[in-house]
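Okay, protein.cif is below, mmCIF, C-alpha atoms:
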data_target
loop_
_atom_site.label_atom_id
_atom_site.label_comp_id
_atom_site.auth_asym_id
_atom_site.auth_seq_id
_atom_site.Cartn_x
_atom_site.Cartn_y
_atom_site.Cartn_z
CA MET M 1 -15.44 28.39 -6.86
CA THR M 2 -12.30 27.40 -4.95
CA SER M 3 -11.03 23.93 -5.84
CA ILE M 4 -9.75 21.49 -3.25
CA ALA M 5 -6.23 21.85 -4.66
CA THR M 6 -6.24 25.59 -3.93
CA ALA M 7 -8.57 25.58 -0.91
CA PRO M 8 -7.48 27.09 2.43
CA SER M 9 -5.36 24.85 4.66
CA THR M 10 -8.19 24.25 7.16
CA ARG M 11 -10.56 23.02 4.47
CA ARG M 12 -7.88 20.83 2.90
CA SER M 13 -7.09 19.32 6.29
CA THR M 14 -10.77 18.61 7.00
CA LEU M 15 -11.26 17.01 3.61
CA GLY M 16 -8.01 15.08 4.09
CA PHE M 17 -9.28 13.69 7.41
CA LEU M 18 -12.60 12.67 5.86
CA ALA M 19 -10.94 11.15 2.80
CA GLY M 20 -8.41 9.32 4.96
CA GLY M 21 -11.21 8.03 7.17
CA ALA M 22 -13.18 6.74 4.20
CA VAL M 23 -10.15 5.05 2.67
CA GLY M 24 -9.06 3.60 6.01
CA THR M 25 -12.54 2.21 6.70
CA LEU M 26 -12.78 0.54 3.30
CA GLY M 27 -9.27 -0.84 3.69
CA GLY M 28 -10.04 -2.09 7.21
CA LEU M 29 -13.10 -3.93 5.94
CA ILE M 30 -10.92 -6.08 3.70
CA GLY M 31 -7.82 -6.18 5.91
CA LEU M 32 -5.67 -3.65 3.99
CA GLY M 33 -4.35 -0.17 4.74
CA GLY M 34 -5.92 1.43 1.68
CA ALA M 35 -2.84 3.40 0.58
CA GLU M 36 -3.40 2.43 -3.05
CA PHE M 37 -6.67 4.40 -2.89
CA ARG M 38 -5.05 7.42 -1.20
CA LEU M 39 -2.58 7.99 -4.06
CA PRO M 40 -5.22 8.82 -6.74
CA LEU M 41 -6.89 11.14 -4.20
CA LEU M 42 -3.65 12.99 -3.49
CA VAL M 43 -3.02 13.51 -7.21
CA GLY M 44 -6.57 13.94 -8.50
CA MET M 45 -8.39 15.61 -5.60
CA PHE M 46 -5.63 17.53 -3.81
CA GLY M 47 -3.64 18.42 -6.93
CA LEU M 48 -0.21 17.11 -5.93
CA ALA M 49 2.40 16.12 -8.49
CA THR M 50 2.98 12.37 -8.69
CA LEU M 51 6.36 12.08 -6.94
CA PRO M 52 5.43 14.34 -4.00
CA ALA M 53 2.14 12.42 -3.71
CA ILE M 54 4.04 9.12 -3.53
CA ILE M 55 6.33 10.48 -0.80
CA LEU M 56 3.41 11.87 1.19
CA ASN M 57 1.51 8.61 0.76
CA LYS M 58 4.51 6.65 2.00
CA ALA M 59 4.81 8.84 5.09
CA MET M 60 1.15 8.24 5.91
CA SER M 61 1.51 4.52 5.19
CA LEU M 62 4.31 4.33 7.75
CA VAL M 63 1.99 5.77 10.40
CA VAL M 64 -0.92 3.50 9.45
CA VAL M 65 1.18 0.31 9.28
CA THR M 66 2.85 1.06 12.63
CA ALA M 67 -0.59 1.51 14.21
CA ALA M 68 -1.87 -1.66 12.52
CA LEU M 69 1.10 -3.64 13.81
CA ILE M 70 0.42 -2.43 17.36
CA PHE M 71 -3.29 -3.24 17.07
CA ARG M 72 -2.51 -6.64 15.57
CA THR M 73 -0.49 -7.80 18.59
CA GLY M 74 -3.78 -8.11 20.44
CA THR M 75 -5.02 -10.59 17.82
CA ILE M 76 -1.92 -12.70 17.30
CA SER M 77 0.92 -12.81 19.83
CA VAL M 78 4.63 -12.34 19.18
CA ALA M 79 5.17 -15.94 20.33
CA GLU M 80 2.90 -17.19 17.54
CA LEU M 81 4.84 -15.20 14.96
CA THR M 82 8.34 -16.18 16.09
CA PRO M 83 8.43 -19.55 14.24
CA HIS M 84 7.58 -17.71 11.01
CA LEU M 85 10.23 -14.99 11.23
CA PRO M 86 12.38 -16.77 8.59
CA VAL M 87 9.53 -16.12 6.13
CA ALA M 88 9.69 -12.40 6.90
CA ALA M 89 13.49 -12.44 6.60
CA ASN M 90 13.30 -14.23 3.24
CA LEU M 91 10.92 -11.67 1.76
CA LEU M 92 12.80 -8.75 3.31
CA GLY M 93 15.99 -9.90 1.60
CA GLY M 94 14.37 -8.99 -1.70
CA SER M 95 11.96 -6.20 -0.73
CA LEU M 96 14.59 -3.94 0.86
CA VAL M 97 16.71 -4.06 -2.28
CA GLY M 98 13.67 -3.55 -4.52
CA ALA M 99 12.42 -0.56 -2.52
CA TRP M 100 15.84 1.16 -2.52
CA TRP M 101 16.35 0.55 -6.24
CA ALA M 102 12.86 1.69 -7.28
CA ALA M 103 12.87 4.84 -5.15
CA GLY M 104 16.25 5.81 -6.57
CA HIS M 105 14.94 5.47 -10.13
CA ALA M 106 11.65 7.27 -9.35
CA ILE M 107 13.59 10.36 -8.28
CA LYS M 108 15.19 10.59 -11.74
CA MET M 109 12.07 9.87 -13.84
CA SER M 110 10.00 12.46 -15.66
CA ARG M 111 6.48 12.88 -14.35
CA ARG M 112 5.10 11.46 -17.60
CA SER M 113 7.10 8.23 -17.23
CA LEU M 114 6.30 7.94 -13.53
CA ASP M 115 2.59 8.46 -14.24
CA ARG M 116 2.61 5.64 -16.76
CA ILE M 117 4.30 3.24 -14.36
CA VAL M 118 2.01 4.20 -11.47
CA MET M 119 -1.10 3.75 -13.62
CA VAL M 120 0.03 0.31 -14.80
CA MET M 121 0.79 -0.76 -11.22
CA LEU M 122 -2.56 0.48 -9.92
CA LEU M 123 -4.35 -1.29 -12.75
CA GLY M 124 -2.44 -4.45 -11.87
CA LEU M 125 -3.48 -4.17 -8.22
CA ALA M 126 -7.09 -3.60 -9.25
CA ILE M 127 -7.06 -6.72 -11.42
CA LEU M 128 -5.41 -8.66 -8.58
CA MET M 129 -8.14 -7.57 -6.18
CA MET M 130 -10.88 -8.60 -8.58
CA GLY M 131 -9.11 -11.91 -9.18
CA GLU M 132 -8.87 -12.50 -5.43
CA ALA M 133 -12.58 -11.77 -5.10
CA TRP M 134 -13.37 -14.27 -7.84
CA PHE M 135 -11.04 -17.12 -6.83
CA GLY M 136 -10.44 -16.35 -3.15
CA ILE M 137 -7.56 -17.45 -0.94
CA HIS M 138 -9.08 -18.79 2.24
CA GLU M 139 -7.71 -22.26 2.82
CA VAL M 140 -4.21 -23.04 4.03
CA ALA M 141 -2.37 -24.69 1.18
CA ALA M 142 0.88 -26.61 1.04
CA PRO M 143 3.95 -24.47 0.27
CA LEU M 144 4.39 -23.85 -3.43
CA PHE M 145 7.95 -25.23 -3.36
CA SER M 146 9.12 -28.11 -1.21
CA HIS M 147 12.84 -27.59 -1.84
CA PRO M 148 14.31 -24.92 0.52
CA VAL M 149 16.57 -23.38 -2.15
CA ALA M 150 13.67 -22.98 -4.58
CA GLN M 151 11.47 -21.47 -1.89
CA ILE M 152 14.13 -19.01 -0.74
CA SER M 153 14.91 -17.98 -4.32
CA ALA M 154 11.21 -17.46 -5.06
CA GLY M 155 10.84 -15.47 -1.83
CA LEU M 156 13.73 -13.15 -2.74
CA ALA M 157 12.33 -12.59 -6.24
CA ALA M 158 8.80 -11.96 -4.95
CA GLY M 159 10.12 -9.63 -2.25
CA PHE M 160 12.10 -7.65 -4.81
CA GLY M 161 8.99 -7.10 -6.96
CA ILE M 162 6.86 -6.18 -3.93
CA GLY M 163 9.52 -3.72 -2.76
CA ILE M 164 9.39 -1.99 -6.15
CA VAL M 165 5.60 -1.65 -6.00
CA ALA M 166 5.70 -0.41 -2.39
CA ALA M 167 8.29 2.26 -3.26
CA LEU M 168 6.65 3.50 -6.44
CA LEU M 169 3.12 3.71 -5.01
CA GLY M 170 3.95 4.64 -1.43
CA VAL M 171 1.99 1.63 -0.16
CA ALA M 172 2.64 -1.08 2.40
CA GLY M 173 2.21 -3.84 -0.17
CA GLY M 174 -0.13 -6.03 1.86
CA GLU M 175 -2.33 -6.71 -1.15
CA LEU M 176 0.70 -8.47 -2.69
CA LEU M 177 2.42 -9.77 0.43
CA ILE M 178 -0.53 -11.63 1.93
CA PRO M 179 -1.34 -13.84 -1.10
CA THR M 180 2.40 -14.38 -1.64
CA ILE M 181 2.87 -15.60 1.92
CA VAL M 182 -0.20 -17.85 1.73
CA LEU M 183 0.72 -19.41 -1.61
CA LEU M 184 4.51 -19.54 -1.33
CA TYR M 185 4.83 -20.61 2.31
CA GLY M 186 1.46 -22.22 3.02
CA LEU M 187 0.59 -20.01 6.01
CA ASP M 188 -2.96 -19.14 7.04
CA ILE M 189 -4.49 -15.75 6.24
CA LYS M 190 -4.35 -14.49 9.84
CA THR M 191 -0.65 -15.25 10.26
CA ALA M 192 0.11 -13.97 6.75
CA GLY M 193 -1.49 -10.62 7.63
CA SER M 194 0.81 -10.14 10.61
CA ILE M 195 3.92 -11.31 8.76
CA SER M 196 3.10 -8.90 5.94
CA LEU M 197 3.22 -6.00 8.41
CA LEU M 198 6.64 -7.12 9.66
CA VAL M 199 7.88 -7.03 6.06
CA SER M 200 6.08 -3.83 5.09
CA LEU M 201 7.44 -1.58 7.82
CA PRO M 202 11.20 -2.01 7.13
CA THR M 203 10.54 -1.97 3.37
CA MET M 204 8.74 1.36 3.59
CA ILE M 205 11.40 2.84 5.86
CA VAL M 206 14.11 1.98 3.31
CA GLY M 207 12.13 3.49 0.42
CA PHE M 208 11.29 6.54 2.51
CA ALA M 209 14.96 7.06 3.39
CA ARG M 210 15.91 6.84 -0.30
CA TYR M 211 13.38 9.54 -1.20
CA ARG M 212 15.18 11.98 1.10
CA ASP M 213 17.56 12.64 -1.80
CA SER M 214 14.71 14.15 -3.81
CA THR M 215 13.74 17.82 -3.74
CA ALA M 216 10.13 16.58 -3.67
CA PHE M 217 10.77 15.43 -0.09
CA SER M 218 9.94 19.01 0.97
CA ILE M 219 6.27 18.11 0.41
CA LEU M 220 6.27 16.68 3.95
CA HIS M 221 6.81 20.20 5.29
CA GLN M 222 4.59 21.96 2.78
CA GLU M 223 1.63 19.63 3.33
CA ARG M 224 2.28 18.61 6.94
CA SER M 225 -1.24 19.60 8.01
CA LEU M 226 -2.90 17.61 5.23
CA ALA M 227 -0.63 14.62 5.87
CA GLY M 228 -1.27 14.67 9.62
CA TRP M 229 -5.03 14.86 9.35
CA MET M 230 -5.24 12.36 6.50
CA ALA M 231 -3.06 9.89 8.42
CA ALA M 232 -5.21 10.36 11.53
CA GLY M 233 -8.35 9.74 9.49
CA SER M 234 -6.76 6.64 7.93
CA VAL M 235 -5.83 5.15 11.31
CA LEU M 236 -9.28 5.88 12.75
CA GLY M 237 -10.95 4.52 9.63
CA ALA M 238 -8.84 1.36 9.69
CA ALA M 239 -9.90 0.77 13.31
CA VAL M 240 -13.57 1.29 12.42
CA GLY M 241 -13.25 -0.95 9.38
CA GLY M 242 -11.69 -3.64 11.54
CA LEU M 243 -14.63 -3.49 13.95
CA LEU M 244 -17.08 -3.78 11.05
CA LEU M 245 -15.19 -6.70 9.54
CA GLY M 246 -17.59 -9.54 8.79
CA LEU M 247 -20.70 -7.37 8.48
CA PHE M 248 -20.34 -7.16 4.71
CA PRO M 249 -19.53 -9.96 2.25
CA THR M 250 -15.77 -9.50 1.82
CA ARG M 251 -15.64 -11.16 -1.58
CA TYR M 252 -18.04 -8.70 -3.20
CA LEU M 253 -16.55 -5.75 -1.33
CA VAL M 254 -13.06 -6.58 -2.62
CA ALA M 255 -14.43 -6.86 -6.17
CA LEU M 256 -16.18 -3.49 -5.84
CA LEU M 257 -13.02 -1.81 -4.50
CA GLY M 258 -11.04 -3.37 -7.33
CA VAL M 259 -13.40 -1.76 -9.85
CA ILE M 260 -13.17 1.59 -8.03
CA LEU M 261 -9.37 1.43 -8.06
CA LEU M 262 -9.40 0.54 -11.75
CA ILE M 263 -11.56 3.55 -12.64
CA SER M 264 -9.72 5.99 -10.37
CA ALA M 265 -6.31 4.92 -11.70
CA ILE M 266 -7.34 5.49 -15.31
CA LYS M 267 -9.12 8.75 -14.56
CA THR M 268 -6.28 10.19 -12.46
CA PHE M 269 -3.30 9.19 -14.56
CA LYS M 270 -4.80 9.07 -18.07
CA HIS M 271 -2.96 12.28 -19.06
CA SER M 272 0.25 10.22 -19.10
CA ARG M 273 -1.05 8.57 -22.29
#
Whole structure, structure tokens version:
Amino acid sequence: MTSIATAPSTRRSTLGFLAGGAVGTLGGLIGLGGAEFRLPLLVGMFGLATLPAIILNKAMSLVVVTAALIFRTGTISVAELTPHLPVAANLLGGSLVGAWWAAGHAIKMSRRSLDRIVMVMLLGLAILMMGEAWFGIHEVAAPLFSHPVAQISAGLAAGFGIGIVAALLGVAGGELLIPTIVLLYGLDIKTAGSISLLVSLPTMIVGFARYRDSTAFSILHQERSLAGWMAAGSVLGAAVGGLLLGLFPTRYLVALLGVILLISAIKTFKHSR
């Protein structure tokens, strides 16, 4: 029986669209893009090596985040975001450097080392999601630091770490950016979601540009059909998930997705051990 990894292009594209749609819908239900769930699928289901999968995931994340940013302007206006642009600039100061640095190192790593790092990061995100489901971040809190220098320094450090995760997983980083913005700057969830997109897009572009130095970048040409259909499914799924938002208890859904991510990360990258 033909496996998905070796299936004809048409079948792979169809499965990519369906998988992207499922991931996008689940992500849309909790306000995320779902790229962290796409990566295990690209490696485990479609049989891609880790670095090419990261690059392909990042390309699709760029499409999904751009679409999300366009859709989001109908929910929160540019005028509402303008006073908070210094927050985005603060985080970008660290995330751009982190993304460039991490992508440069990923190119030089062995697959075994990269697998280990990716698995640890996915496990960390899964634990974060389950922790968010348990404790929740729903109320606007006071900024974590009152002194401007301390807040800026913390923002640069947090941005650097988020940039590393975004580059090494090919994700937008919203699952890290949103709680960081809420806790560090005291902004509400709705505003934090839009600010996170403003930070994510340039961060991903920088990491994507750095990956151009890798021979694995050719995966974009080799799997252009899969990438196109999977990205289309992800965008459509994210829109559907957004429309269904509120129909399911978000807290339990986030916990469930955290468990799924935990299992898929271990199952997909366990050979690195």
Item to check | One-decimal distance in Å that lies between atom CA of Ala231 of chain M and atom CA of Leu18 of chain M | outcome: 10.3 Å
Item to check | Selection result for the PyMOL selection byres ((chain M and resi 206-211) around 12) on this file, as a ChimeraX atom specification | outcome: /M:51-62,92,95-108,162-172,199-205,212-220
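Pairwise distance (atom CA of Gln222 of chain M, atom CA of Arg116 of chain M) equals 25.5 Å.
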Checklist entry - In Å to one decimal, how far is atom CA of Ala192 of chain M from atom CA of Leu29 of chain M? => result 16.6 Å
Item to check | Hits of the PyMOL selection byres ((chain M and resi 40-46) around 7) in this structure, as number ranges by chain | outcome: M: 4-5, 37-39, 47-50, 53, 264-265, 268
Subset file as a tab-separated table (two decimals), in the first residue's frame: segment 202-218 of chain M, all heavy atoms:
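Final file, result_0.tsv:
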chain	number	residue	atom	x	y	z
M	202	PRO	N	7.24	40.22	10.76
M	202	PRO	CA	8.65	40.56	10.48
M	202	PRO	C	9.62	39.51	11.01
M	202	PRO	O	10.64	39.23	10.37
M	202	PRO	CB	8.85	41.90	11.22
M	202	PRO	CG	7.49	42.44	11.43
M	202	PRO	CD	6.59	41.25	11.60
M	203	THR	N	9.30	38.92	12.16
M	203	THR	CA	10.17	37.90	12.74
M	203	THR	C	10.28	36.70	11.82
M	203	THR	O	11.38	36.16	11.59
M	203	THR	CB	9.63	37.45	14.11
M	203	THR	OG1	9.56	38.58	14.99
M	203	THR	CG2	10.54	36.41	14.74
M	204	MET	N	9.17	36.27	11.26
M	204	MET	CA	9.17	35.12	10.36
M	204	MET	C	9.88	35.44	9.05
M	204	MET	O	10.58	34.60	8.49
M	204	MET	CB	7.75	34.66	10.09
M	204	MET	CG	7.11	33.94	11.27
M	204	MET	SD	5.60	33.09	10.80
M	204	MET	CE	4.59	34.47	10.30
M	205	ILE	N	9.71	36.66	8.56
M	205	ILE	CA	10.37	37.07	7.32
M	205	ILE	C	11.89	37.02	7.48
M	205	ILE	O	12.62	36.55	6.60
M	205	ILE	CB	9.92	38.47	6.90
M	205	ILE	CG1	8.45	38.43	6.43
M	205	ILE	CG2	10.81	39.03	5.79
M	205	ILE	CD1	7.85	39.80	6.15
M	206	VAL	N	12.39	37.49	8.64
M	206	VAL	CA	13.83	37.47	8.90
M	206	VAL	C	14.34	36.03	8.96
M	206	VAL	O	15.37	35.69	8.35
M	206	VAL	CB	14.15	38.21	10.22
M	206	VAL	CG1	15.57	37.89	10.68
M	206	VAL	CG2	14.01	39.71	10.02
M	207	GLY	N	13.66	35.16	9.69
M	207	GLY	CA	14.07	33.76	9.77
M	207	GLY	C	14.01	33.08	8.41
M	207	GLY	O	14.91	32.31	8.04
M	208	PHE	N	12.96	33.39	7.66
M	208	PHE	CA	12.78	32.81	6.33
M	208	PHE	C	13.92	33.24	5.40
M	208	PHE	O	14.47	32.42	4.66
M	208	PHE	CB	11.44	33.27	5.77
M	208	PHE	CG	11.00	32.52	4.54
M	208	PHE	CD1	10.68	31.17	4.61
M	208	PHE	CD2	10.89	33.15	3.32
M	208	PHE	CE1	10.26	30.48	3.49
M	208	PHE	CE2	10.48	32.47	2.19
M	208	PHE	CZ	10.16	31.13	2.27
M	209	ALA	N	14.30	34.50	5.47
M	209	ALA	CA	15.39	35.01	4.65
M	209	ALA	C	16.71	34.33	5.00
M	209	ALA	O	17.53	34.03	4.13
M	209	ALA	CB	15.52	36.52	4.82
M	210	ARG	N	16.90	34.06	6.30
M	210	ARG	CA	18.15	33.41	6.73
M	210	ARG	C	18.22	31.98	6.22
M	210	ARG	O	19.31	31.48	5.89
M	210	ARG	CB	18.21	33.41	8.26
M	210	ARG	CG	19.53	32.91	8.82
M	210	ARG	CD	20.64	33.91	8.54
M	210	ARG	NE	21.89	33.52	9.15
M	210	ARG	CZ	22.84	32.81	8.52
M	210	ARG	NH1	22.65	32.42	7.27
M	210	ARG	NH2	23.97	32.51	9.12
M	211	TYR	N	17.09	31.31	6.11
M	211	TYR	CA	17.07	29.93	5.64
M	211	TYR	C	17.38	29.81	4.15
M	211	TYR	O	17.64	28.71	3.65
M	211	TYR	CB	15.71	29.29	5.92
M	211	TYR	CG	15.55	28.78	7.33
M	211	TYR	CD1	14.49	29.18	8.14
M	211	TYR	CD2	16.46	27.87	7.87
M	211	TYR	CE1	14.34	28.71	9.44
M	211	TYR	CE2	16.33	27.39	9.17
M	211	TYR	CZ	15.26	27.83	9.94
M	211	TYR	OH	15.13	27.34	11.22
M	212	ARG	N	17.39	30.90	3.44
M	212	ARG	CA	17.71	30.87	2.01
M	212	ARG	C	19.13	30.37	1.77
M	212	ARG	O	19.46	29.91	0.67
M	212	ARG	CB	17.54	32.26	1.39
M	212	ARG	CG	16.08	32.69	1.24
M	212	ARG	CD	16.00	34.08	0.61
M	212	ARG	NE	16.55	34.09	-0.74
M	212	ARG	CZ	15.86	33.80	-1.84
M	212	ARG	NH1	14.57	33.48	-1.74
M	212	ARG	NH2	16.42	33.84	-3.02
M	213	ASP	N	19.98	30.46	2.78
M	213	ASP	CA	21.37	30.00	2.65
M	213	ASP	C	21.48	28.48	2.73
M	213	ASP	O	22.56	27.92	2.50
M	213	ASP	CB	22.24	30.62	3.76
M	213	ASP	CG	22.36	32.12	3.61
M	213	ASP	OD1	22.18	32.63	2.49
M	213	ASP	OD2	22.64	32.80	4.62
M	214	SER	N	20.39	27.81	3.05
M	214	SER	CA	20.41	26.36	3.20
M	214	SER	C	19.99	25.66	1.91
M	214	SER	O	19.09	26.13	1.19
M	214	SER	CB	19.46	25.94	4.34
M	214	SER	OG	19.30	24.54	4.36
M	215	THR	N	20.63	24.52	1.63
M	215	THR	CA	20.24	23.75	0.46
M	215	THR	C	18.82	23.19	0.63
M	215	THR	O	18.14	22.89	-0.36
M	215	THR	CB	21.21	22.56	0.24
M	215	THR	OG1	21.27	21.78	1.45
M	215	THR	CG2	22.60	23.07	-0.09
M	216	ALA	N	18.37	23.07	1.89
M	216	ALA	CA	17.02	22.57	2.16
M	216	ALA	C	15.95	23.55	1.69
M	216	ALA	O	14.77	23.18	1.63
M	216	ALA	CB	16.85	22.29	3.65
M	217	PHE	N	16.34	24.77	1.35
M	217	PHE	CA	15.37	25.77	0.89
M	217	PHE	C	14.69	25.32	-0.41
M	217	PHE	O	13.61	25.81	-0.75
M	217	PHE	CB	16.08	27.11	0.68
M	217	PHE	CG	15.16	28.29	0.71
M	217	PHE	CD1	14.68	28.80	1.92
M	217	PHE	CD2	14.76	28.92	-0.46
M	217	PHE	CE1	13.83	29.89	1.96
M	217	PHE	CE2	13.91	30.02	-0.43
M	217	PHE	CZ	13.45	30.50	0.78
M	218	SER	N	15.33	24.39	-1.13
M	218	SER	CA	14.76	23.88	-2.38
M	218	SER	C	13.46	23.12	-2.15
M	218	SER	O	12.73	22.84	-3.11
M	218	SER	CB	15.77	22.97	-3.08
M	218	SER	OG	16.08	21.85	-2.27
